[in-house]
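Note sheet for the following structure.
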Amino acid sequence: MSPQIFTGSDGCSSTAETAKEIKTLLQELRKSSNQRQRLLKRNKSSASFAATLSKETEREDALRLDKLRRIFTRLVGSGELSLSGESSNSGEVASNASSKWKSWLLQQHDVFISHLVDGVVLGRTTALRCFCGVIASTPVPVTGIAYGDDRRDKKKVMLSERLLGRLLEALVKSRGCFENSFSQDYSNVEVDETNVENERIADEALLTLFESEFIRPYRDAQYFVLKGLIQIASALYGKLEQTRKSLGTSPNTANEQSPDTGNNAQVSKIEMNVGLVAENVCRILLMIDYVAKKKDDLQDETKFL
């Protein structure tokens, strides 16, 4: 059994124990994913087997992910892990040792987030809940404002737009729209490549959970979700237009192309993928029913994540 790192409110663990715990949990998650893929490939014809396997591994993975969430939350709270890219090291020797530790922790945190992304893409509510918990428990310093003389201003934090962006990409399944394979950008996700269209549609239960536990209760979450979706939509539209031009199928050049070049079919496939993602985006946008119109609308801090 992996060593327990939480020994009470005043307890702590050594760096070696923490590193071992993180390595063990991530290795178990990786092993679980590899085993799941192998078994599903052998039993593609057995839907009941796949469903049973998925439920068993989901429960085990959920426990591992939640343990990792608590470990990384503690490390952020202690200042050992920074998700904002800032460093508070002092002294050349201390900085060297501390920076290596922080760099390693940040790499492992990225791997942890990748497992959460794969879980959300698979439609796992446990992964979504854990991901929302990560965002809520690991805020970053507010950026883009001028601080006043009040020291409390310098302690203001907001949710991480980078982490929320990863979550939104997983929810709307925007990655891989311009590739031939849906799973190319989700290496740990098993999909039916013969029915990629359905794989691109966001799970309704997942979106309902996201709405009830993340969007509806918190005004700042609504704002940042809206901002994140705009960024995803803008990036997809820009890349779609670039792809059309590079393949000679943009409205200005489409008439000059021969219908049997194959480019039109390729672009049509990409447009279908983007269209499905756009539908997912719209389904989330419909959940946002509040937009602050004046400063007084933002005074109730109980409605902030």
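We name chains A, B, ... following the order of the structure tokens; residues begin at 1 in each chain, and ligands are numbered from 1 as shown.
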Selection: 10 Å around stretch 118-131 of chain A, only C-alpha atoms, excl. self and same-chain fewer than 6 positions, as JSON, numbers by chain: {"A": [33, 54, 55, 58, 59, 61, 62, 63, 65, 66, 67, 68, 69, 70, 112, 137, 163, 164, 166, 167, 168, 169, 170, 171, 172, 173, 185, 186, 187, 188, 189, 190, 191, 199, 200, 201, 202, 203, 204, 205, 206, 207, 209, 210, 213, 214]}
Pull C-alpha atoms from the residues just selected and write them as a PDB file, in the first residue's frame.
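Generated file (part-v4.pdb):
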```pdb
ATOM      1  CA  SER A  33      -5.617   2.859 -18.808  1.00  0.00           C
ATOM      2  CA  SER A  54     -15.637   0.662 -17.220  1.00  0.00           C
ATOM      3  CA  LYS A  55     -17.537   0.917 -13.931  1.00  0.00           C
ATOM      4  CA  GLU A  58     -13.843   4.219 -12.970  1.00  0.00           C
ATOM      5  CA  ARG A  59     -14.306   3.634  -9.233  1.00  0.00           C
ATOM      6  CA  ASP A  61      -9.415   5.625 -10.913  1.00  0.00           C
ATOM      7  CA  ALA A  62     -11.723   8.073  -9.133  1.00  0.00           C
ATOM      8  CA  LEU A  63     -10.080   7.240  -5.791  1.00  0.00           C
ATOM      9  CA  LEU A  65      -7.489  10.983  -8.905  1.00  0.00           C
ATOM     10  CA  ASP A  66      -9.024  12.326  -5.709  1.00  0.00           C
ATOM     11  CA  LYS A  67      -5.916  11.356  -3.734  1.00  0.00           C
ATOM     12  CA  LEU A  68      -3.771  13.215  -6.243  1.00  0.00           C
ATOM     13  CA  ARG A  69      -6.085  16.224  -6.060  1.00  0.00           C
ATOM     14  CA  ARG A  70      -5.666  16.397  -2.274  1.00  0.00           C
ATOM     15  CA  PHE A 112      -2.549  14.400 -13.500  1.00  0.00           C
ATOM     16  CA  SER A 137      -8.948  24.535  -4.676  1.00  0.00           C
ATOM     17  CA  LEU A 163      -6.992  24.753 -16.107  1.00  0.00           C
ATOM     18  CA  LEU A 164     -10.516  25.850 -16.986  1.00  0.00           C
ATOM     19  CA  ARG A 166      -8.306  22.363 -20.462  1.00  0.00           C
ATOM     20  CA  LEU A 167     -11.615  21.362 -18.889  1.00  0.00           C
ATOM     21  CA  LEU A 168     -13.695  23.205 -21.483  1.00  0.00           C
ATOM     22  CA  GLU A 169     -11.703  21.673 -24.343  1.00  0.00           C
ATOM     23  CA  ALA A 170     -12.476  18.241 -22.921  1.00  0.00           C
ATOM     24  CA  LEU A 171     -16.168  19.017 -22.409  1.00  0.00           C
ATOM     25  CA  VAL A 172     -16.781  20.336 -25.937  1.00  0.00           C
ATOM     26  CA  LYS A 173     -14.260  17.873 -27.427  1.00  0.00           C
ATOM     27  CA  ASP A 185      -5.155  14.023 -29.186  1.00  0.00           C
ATOM     28  CA  TYR A 186      -6.567  11.776 -26.456  1.00  0.00           C
ATOM     29  CA  SER A 187      -4.041   8.961 -26.279  1.00  0.00           C
ATOM     30  CA  ASN A 188      -5.645   7.272 -23.266  1.00  0.00           C
ATOM     31  CA  VAL A 189      -9.202   7.361 -24.600  1.00  0.00           C
ATOM     32  CA  GLU A 190     -10.808   4.371 -26.265  1.00  0.00           C
ATOM     33  CA  VAL A 191     -13.203   5.363 -29.042  1.00  0.00           C
ATOM     34  CA  GLU A 199     -17.874  10.304 -29.989  1.00  0.00           C
ATOM     35  CA  ARG A 200     -17.688  14.054 -30.688  1.00  0.00           C
ATOM     36  CA  ILE A 201     -21.086  14.770 -29.068  1.00  0.00           C
ATOM     37  CA  ALA A 202     -20.826  15.898 -25.443  1.00  0.00           C
ATOM     38  CA  ASP A 203     -22.510  13.656 -22.882  1.00  0.00           C
ATOM     39  CA  GLU A 204     -25.734  15.228 -21.595  1.00  0.00           C
ATOM     40  CA  ALA A 205     -25.300  13.930 -18.043  1.00  0.00           C
ATOM     41  CA  LEU A 206     -21.840  15.468 -17.910  1.00  0.00           C
ATOM     42  CA  LEU A 207     -23.054  18.878 -19.085  1.00  0.00           C
ATOM     43  CA  LEU A 209     -23.533  18.106 -13.763  1.00  0.00           C
ATOM     44  CA  PHE A 210     -21.238  20.911 -14.964  1.00  0.00           C
ATOM     45  CA  GLU A 213     -22.269  22.279  -9.666  1.00  0.00           C
ATOM     46  CA  PHE A 214     -20.014  24.766 -11.444  1.00  0.00           C
TER      47      PHE A 214
END
```
Separation of atom CA of A:Cys132 from atom CA of A:Leu83 in Å: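 Interatomic distance here is 15.5 Å.
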Among listed residues A:Ile71, A:Leu285, A:Ile215, A:Ile135, nearest A:Gln108 (using only C-alpha atoms): A:Ile71
